[in-house]
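Undergrad: So that you have it, the file is protein-v1.csv, and it contains CSV, C-alpha atoms:
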```
chain,number,residue,atom,x,y,z
A,465,MET,CA,17.0,-19.9,-70.3
A,466,THR,CA,18.0,-16.2,-70.6
A,467,GLU,CA,15.7,-13.2,-70.5
A,468,PRO,CA,14.6,-11.9,-73.9
A,469,LYS,CA,16.5,-8.7,-74.8
A,470,LYS,CA,15.8,-5.8,-77.1
A,471,THR,CA,18.4,-3.8,-79.0
A,472,MET,CA,18.5,0.0,-79.6
A,473,THR,CA,20.9,2.5,-81.1
A,474,LEU,CA,22.2,5.1,-78.6
A,475,ASN,CA,23.3,8.5,-79.9
A,476,LEU,CA,25.9,10.1,-77.6
A,477,SER,CA,28.1,13.1,-77.8
A,478,VAL,CA,31.9,12.6,-77.9
A,479,GLU,CA,32.0,13.8,-74.3
A,480,GLU,CA,29.2,11.4,-73.2
A,481,MET,CA,30.9,8.5,-75.0
A,482,ALA,CA,34.2,9.3,-73.3
A,483,ALA,CA,32.5,9.4,-69.9
A,484,LEU,CA,30.8,6.0,-70.7
A,485,GLU,CA,34.1,4.5,-71.8
A,486,GLU,CA,35.9,5.8,-68.7
A,487,LEU,CA,33.2,4.4,-66.4
A,488,ALA,CA,33.2,1.1,-68.2
A,489,SER,CA,37.0,0.8,-67.8
A,490,GLU,CA,36.9,1.9,-64.1
A,491,LYS,CA,34.0,-0.5,-63.2
A,492,GLU,CA,35.3,-3.3,-65.4
A,493,LEU,CA,31.9,-3.5,-67.1
A,494,SER,CA,30.9,-3.3,-70.8
A,495,LYS,CA,29.3,-0.1,-71.9
A,496,THR,CA,26.0,-1.8,-72.0
A,497,GLY,CA,26.6,-3.0,-68.4
A,498,VAL,CA,27.3,0.6,-67.3
A,499,ILE,CA,24.0,1.8,-68.9
A,500,ARG,CA,22.1,-1.1,-67.4
A,501,GLN,CA,23.5,-0.3,-63.9
A,502,ALA,CA,22.7,3.4,-64.4
A,503,LEU,CA,19.2,2.6,-65.3
A,504,ARG,CA,18.6,0.3,-62.4
A,505,LEU,CA,20.0,2.9,-60.0
A,506,TYR,CA,18.1,5.8,-61.6
A,507,GLN,CA,14.8,3.8,-61.3
A,508,LEU,CA,15.6,2.9,-57.6
A,509,ILE,CA,16.4,6.5,-56.8
A,510,HIS,CA,13.3,7.7,-58.6
A,511,GLU,CA,11.0,5.3,-56.8
A,512,ARG,CA,12.4,6.1,-53.4
A,513,THR,CA,12.4,9.8,-53.8
A,514,ALA,CA,8.9,9.7,-55.2
A,515,ALA,CA,7.9,7.8,-52.0
A,516,GLY,CA,9.2,10.8,-50.0
A,517,GLU,CA,12.8,9.6,-49.2
A,518,LYS,CA,15.8,11.9,-49.7
A,519,LEU,CA,19.1,11.1,-51.5
A,520,VAL,CA,22.0,12.7,-49.6
A,521,PHE,CA,25.8,13.0,-50.3
A,522,GLU,CA,27.7,13.1,-47.0
A,523,ASP,CA,31.4,13.8,-46.3
A,524,GLU,CA,32.0,12.7,-42.8
A,525,LYS,CA,35.5,14.0,-42.7
A,526,GLU,CA,34.4,17.5,-43.7
A,527,GLY,CA,31.1,17.3,-41.9
A,528,LYS,CA,29.3,18.2,-45.1
A,529,LYS,CA,25.9,16.9,-46.2
A,530,ALA,CA,24.0,17.8,-49.4
A,531,GLU,CA,20.7,16.6,-50.6
A,532,VAL,CA,20.7,15.5,-54.3
A,533,MET,CA,17.8,17.0,-56.1
A,534,LEU,CA,16.7,15.1,-59.2
A,535,LEU,CA,15.2,16.5,-62.3
B,797,MET,CA,10.6,-15.8,-64.3
B,798,THR,CA,12.9,-18.5,-65.5
B,799,SER,CA,13.6,-21.9,-64.1
B,800,LYS,CA,16.6,-24.2,-64.2
B,801,LYS,CA,16.9,-27.8,-63.1
B,802,ILE,CA,19.5,-28.3,-60.3
B,803,GLU,CA,20.4,-31.0,-57.8
B,804,ILE,CA,20.8,-30.3,-54.1
B,805,VAL,CA,22.1,-32.5,-51.3
B,806,ARG,CA,19.9,-33.1,-48.2
B,807,VAL,CA,22.4,-32.9,-45.3
B,808,ALA,CA,20.4,-35.3,-43.1
B,809,ASP,CA,20.9,-38.4,-45.3
B,810,GLN,CA,23.2,-37.1,-48.1
B,811,ALA,CA,20.4,-37.9,-50.6
B,812,VAL,CA,20.6,-36.0,-54.0
B,813,LEU,CA,17.3,-34.3,-54.7
B,814,LYS,CA,16.1,-32.9,-58.0
B,815,ALA,CA,15.2,-29.3,-57.6
B,816,GLU,CA,14.5,-26.2,-59.5
B,817,LEU,CA,16.3,-22.8,-59.3
B,818,VAL,CA,13.8,-20.1,-60.1
B,819,THR,CA,15.1,-16.7,-61.0
B,820,GLY,CA,13.1,-13.5,-61.4
B,821,LEU,CA,10.6,-14.3,-58.7
B,822,ARG,CA,7.3,-12.5,-59.1
B,823,PRO,CA,5.1,-11.1,-56.2
B,824,GLU,CA,2.8,-14.1,-56.6
B,825,ASP,CA,5.7,-16.4,-55.9
B,826,LEU,CA,6.4,-14.6,-52.6
B,827,ILE,CA,2.7,-14.9,-51.7
B,828,ASP,CA,3.0,-18.6,-52.3
B,829,ILE,CA,6.2,-18.8,-50.1
B,830,ASP,CA,4.5,-17.0,-47.2
B,831,ARG,CA,1.4,-19.2,-47.6
B,832,GLN,CA,3.6,-22.4,-47.4
B,833,TRP,CA,5.8,-21.2,-44.6
B,834,LEU,CA,3.5,-19.2,-42.3
B,835,ALA,CA,2.3,-22.2,-40.1
B,836,LEU,CA,5.9,-23.5,-40.0
B,837,ARG,CA,7.3,-20.2,-38.8
B,838,GLN,CA,4.6,-20.1,-36.1
B,839,ARG,CA,5.7,-23.6,-35.0
B,840,VAL,CA,9.3,-22.4,-34.8
B,841,VAL,CA,8.3,-19.4,-32.6
B,842,ARG,CA,6.1,-21.6,-30.4
B,843,ARG,CA,8.9,-24.1,-29.9
B,844,LEU,CA,11.5,-21.4,-29.1
B,845,ASN,CA,9.0,-19.7,-26.8
B,846,ASN,CA,8.2,-22.9,-24.9
B,847,ALA,CA,11.9,-23.6,-24.6
B,848,GLY,CA,12.4,-20.2,-22.9
B,849,VAL,CA,14.6,-18.8,-25.7
B,850,PRO,CA,14.4,-15.0,-25.6
B,851,PRO,CA,13.0,-13.3,-28.7
B,852,GLU,CA,16.3,-11.6,-29.5
B,853,ARG,CA,17.8,-15.0,-30.1
B,854,TRP,CA,15.0,-16.2,-32.5
B,855,PRO,CA,15.9,-16.4,-36.2
B,856,GLU,CA,15.7,-12.9,-37.7
B,857,SER,CA,13.3,-14.3,-40.4
B,858,SER,CA,10.8,-15.6,-37.8
B,859,GLY,CA,8.8,-12.4,-38.3
B,860,TRP,CA,9.4,-11.8,-42.0
B,861,ASN,CA,6.7,-11.2,-44.4
B,862,TRP,CA,7.8,-11.8,-48.0
B,863,VAL,CA,4.5,-10.4,-49.4
B,864,LYS,CA,5.5,-7.0,-47.9
B,865,LYS,CA,9.0,-7.4,-49.4
B,866,SER,CA,7.5,-8.2,-52.9
B,867,ALA,CA,6.9,-4.5,-53.7
B,868,ALA,CA,10.6,-4.1,-54.2
B,869,LEU,CA,10.5,-6.6,-57.1
B,870,LYS,CA,9.2,-4.0,-59.5
B,871,LEU,CA,12.6,-2.4,-59.3
B,872,MET,CA,15.3,-3.6,-61.7
B,873,ALA,CA,17.8,-3.2,-58.9
B,874,ILE,CA,16.1,-6.0,-57.0
B,875,ARG,CA,16.0,-9.6,-58.0
B,876,GLY,CA,14.4,-12.6,-56.3
B,877,PHE,CA,15.7,-16.2,-56.4
B,878,GLY,CA,14.1,-19.3,-55.1
B,879,ILE,CA,14.6,-23.1,-54.9
B,880,ARG,CA,11.7,-25.5,-55.0
B,881,ILE,CA,11.1,-29.2,-55.1
B,882,ASP,CA,7.8,-30.4,-56.5
B,883,GLU,CA,6.2,-27.0,-56.1
B,884,ARG,CA,7.4,-26.7,-52.5
B,885,TRP,CA,9.6,-23.7,-51.8
B,886,ILE,CA,12.7,-24.6,-49.8
B,887,GLY,CA,14.7,-21.4,-50.0
B,888,VAL,CA,14.3,-17.8,-51.2
B,889,SER,CA,16.6,-14.8,-51.5
B,890,MET,CA,16.4,-11.2,-52.6
B,891,ILE,CA,19.5,-9.4,-54.0
B,892,ASN,CA,20.3,-5.8,-54.9
B,893,VAL,CA,22.4,-5.4,-58.0
B,894,ALA,CA,22.6,-1.6,-58.2
B,895,GLN,CA,22.9,0.1,-54.9
B,896,PHE,CA,26.2,-1.1,-53.5
B,897,THR,CA,29.8,-0.8,-54.5
B,898,ALA,CA,33.0,-2.3,-53.0
B,899,ARG,CA,34.8,-0.1,-50.5
B,900,LEU,CA,38.1,-2.0,-50.4
B,901,ALA,CA,40.9,-2.2,-53.0
B,902,PRO,CA,41.4,-3.7,-55.5
B,903,ASP,CA,37.6,-3.7,-56.2
B,904,GLN,CA,36.9,-0.3,-54.8
B,905,GLN,CA,33.9,1.4,-56.5
B,906,LYS,CA,33.1,-1.7,-58.5
B,907,PRO,CA,29.5,-2.9,-58.4
B,908,LEU,CA,28.6,-5.5,-55.8
B,909,VAL,CA,25.7,-7.9,-55.6
B,910,TYR,CA,24.3,-7.3,-52.2
B,911,LEU,CA,22.2,-10.0,-50.5
B,912,GLU,CA,19.3,-8.2,-49.0
B,913,PHE,CA,17.3,-11.1,-47.6
B,914,ILE,CA,17.8,-14.9,-47.5
B,915,GLU,CA,15.6,-17.5,-45.8
B,916,THR,CA,15.4,-21.3,-45.7
B,917,ALA,CA,12.1,-23.0,-45.3
B,918,PRO,CA,11.5,-23.4,-41.6
B,919,ASP,CA,11.2,-27.2,-41.8
B,920,CYS,CA,14.6,-27.4,-43.5
B,921,THR,CA,16.3,-25.8,-40.6
B,922,ARG,CA,17.5,-27.5,-37.4
B,923,LEU,CA,14.7,-25.9,-35.5
B,924,LEU,CA,12.1,-28.1,-37.2
B,925,ALA,CA,14.2,-30.7,-38.9
B,926,GLY,CA,13.5,-34.3,-38.0
B,927,LYS,CA,11.3,-37.1,-39.3
B,928,ASP,CA,8.3,-36.3,-37.2
B,929,ASN,CA,8.3,-32.6,-38.3
B,930,ARG,CA,8.5,-33.1,-42.1
B,931,ARG,CA,5.3,-32.5,-44.0
```
Kindly return the structure encoded in the file as structure tokens.
TA:
Amino acid sequence: MTEPKKTMTLNLSVEEMAALEELASEKELSKTGVIRQALRLYQLIHERTAAGEKLVFEDEKEGKKAEVMLL
Amino acid sequence: MTSKKIEIVRVADQAVLKAELVTGLRPEDLIDIDRQWLALRQRVVRRLNNAGVPPERWPESSGWNWVKKSAALKLMAIRGFGIRIDERWIGVSMINVAQFTARLAPDQQKPLVYLEFIETAPDCTRLLAGKDNRR
């Protein structure tokens, strides 16, 4: 038995659609799969930053570290 | 939560058992798992302690609390799976489907399913297996 699903229409700009198609190609996912992954990740980041944790990008080679601030 | 009928093989006697694969575990399922396994985990710890096994060699899961882990199930990134036979849980796992990507070619940057936690019912392990220890 599969989970029930709902369908929606998504309006994207040409640029946004190009980015979505590029990600789908690189990740070997469908466009729906990319959006689903993005939503899971966004929710995870939202919950953890709301709980006081920080999201950080780190470049070990360059010794750089930057906190990602979310809107 | 969804459930699918499966068959599993009991290693001790090669018997094929009818079981249920439960996907989309809910916090109440993890409460049920802890309730069923708590006394068994304590028996494992007592047995290891009495045998002089140092705590660092005890199973990592001997101190786990699935109820505490259940808060993560509200995230879409986290999924819980379990196997049960006649309402008795015999295995549980929690996976992360959003946070990790492959680091090595040819799958570099592609999404990975990361196994966060997995535990077998204590009486299904070698530590408590045996006729006299089965419930």
Undergrad: Between B:Ile891, B:Ala868, B:Leu836, B:Ala873, which is the closest to Thr916 in chain B once you count all atoms listed in the file?
TA: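 Going through B:Ile891, B:Ala868, B:Leu836, B:Ala873 one by one, the smallest distance to Thr916 in chain B is for B:Leu836.
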Undergrad: When distances are computed from all atoms listed in the file, which of A:Thr473, A:Gln507, A:Leu487, A:Ile499 shows the smallest separation from chain B?
TA: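 Under the stated criterion, the closest residue is A:Gln507.
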Undergrad: Counting all atoms listed in the file, which residues in chain A sit no more than 9 Å from chain B? For each one, give the nearest pair of atoms and the distance in Å, sorted by chain then residue number, as CSV.
TA:
```
residue,atom,partner,partner_atom,distance
A:Met465,CA,B:Thr798,CA,6.5
A:Thr466,CA,B:Thr798,CA,7.6
A:Glu467,CA,B:Thr798,CA,7.8
A:Glu490,CA,B:Lys906,CA,7.7
A:Lys491,CA,B:Lys906,CA,4.9
A:Glu492,CA,B:Lys906,CA,7.4
A:Leu493,CA,B:Lys906,CA,8.9
A:Gln501,CA,B:Ala894,CA,5.9
A:Ala502,CA,B:Ala894,CA,8.0
A:Leu503,CA,B:Met872,CA,8.2
A:Arg504,CA,B:Ala873,CA,5.0
A:Leu505,CA,B:Ala894,CA,5.5
A:Gln507,CA,B:Leu871,CA,6.9
A:Leu508,CA,B:Leu871,CA,6.3
A:Glu511,CA,B:Leu871,CA,8.3
```
Undergrad: Could you jot down the CA of Gly859 in chain B to CA of Arg837 in chain B separation for me, Å, one decimal place?
TA: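 Calculated distance between CA of Gly859 in chain B and CA of Arg837 in chain B is 8.0 Å.
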Undergrad: What is the CA of Arg875 in chain B to CA of Asp828 in chain B distance in Å?
TA: 16.8 Å
Undergrad: CA of Gly878 in chain B and CA of Arg822 in chain B, how far apart in Å?
TA: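 Pair CA of Arg822 in chain B / CA of Gly878 in chain B returns 10.4 Å.
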Undergrad: Which polymer residues, protein or nucleic acid, are no farther than 12 Å from (21.4, 20.7, -50.7), counting only C-alpha atoms, as a VMD selection string?
TA: chain A and resid 518 to 522 528 to 534
Undergrad: Can you pull out every residue within 12 Å of Leu535 in chain A, counting all atoms listed in the file, but drop anything in the same chain fewer than 2 positions away, and send it as a VMD selection string?
TA: chain A and resid 506 509 to 510 513 to 514 532 to 533
Undergrad: May I have the residues within 8 Å of Val841 in chain B as a list in words, using all atoms listed in the file and disregarding those fewer than 3 positions away in the same chain?
TA: Arg837, Gln838, Leu844, Asn845, Trp854 and Ser858 of chain B
Undergrad: Would you kindly return, as a ChimeraX atom specification, each protein, DNA or RNA residue with an atom no farther than 12 Å from any atom of Leu817 in chain B, considering all atoms listed in the file and excluding same-chain residues fewer than 5 positions away?
TA: /A:465 /B:797-804,876-889
Undergrad: Of the candidates B:Leu900, B:Val849, B:Leu869, B:Leu908, which one gets nearest to Asp825 in chain B if we count all atoms listed in the file?
TA: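 Among the listed residues, B:Leu869 lies closest to Asp825 in chain B.
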Undergrad: Determine the nearest neighbour of Ala917 in chain B from the options B:Glu816, B:Asp830, B:Glu824, B:Asp809, counting only C-alpha atoms.
TA: B:Asp830
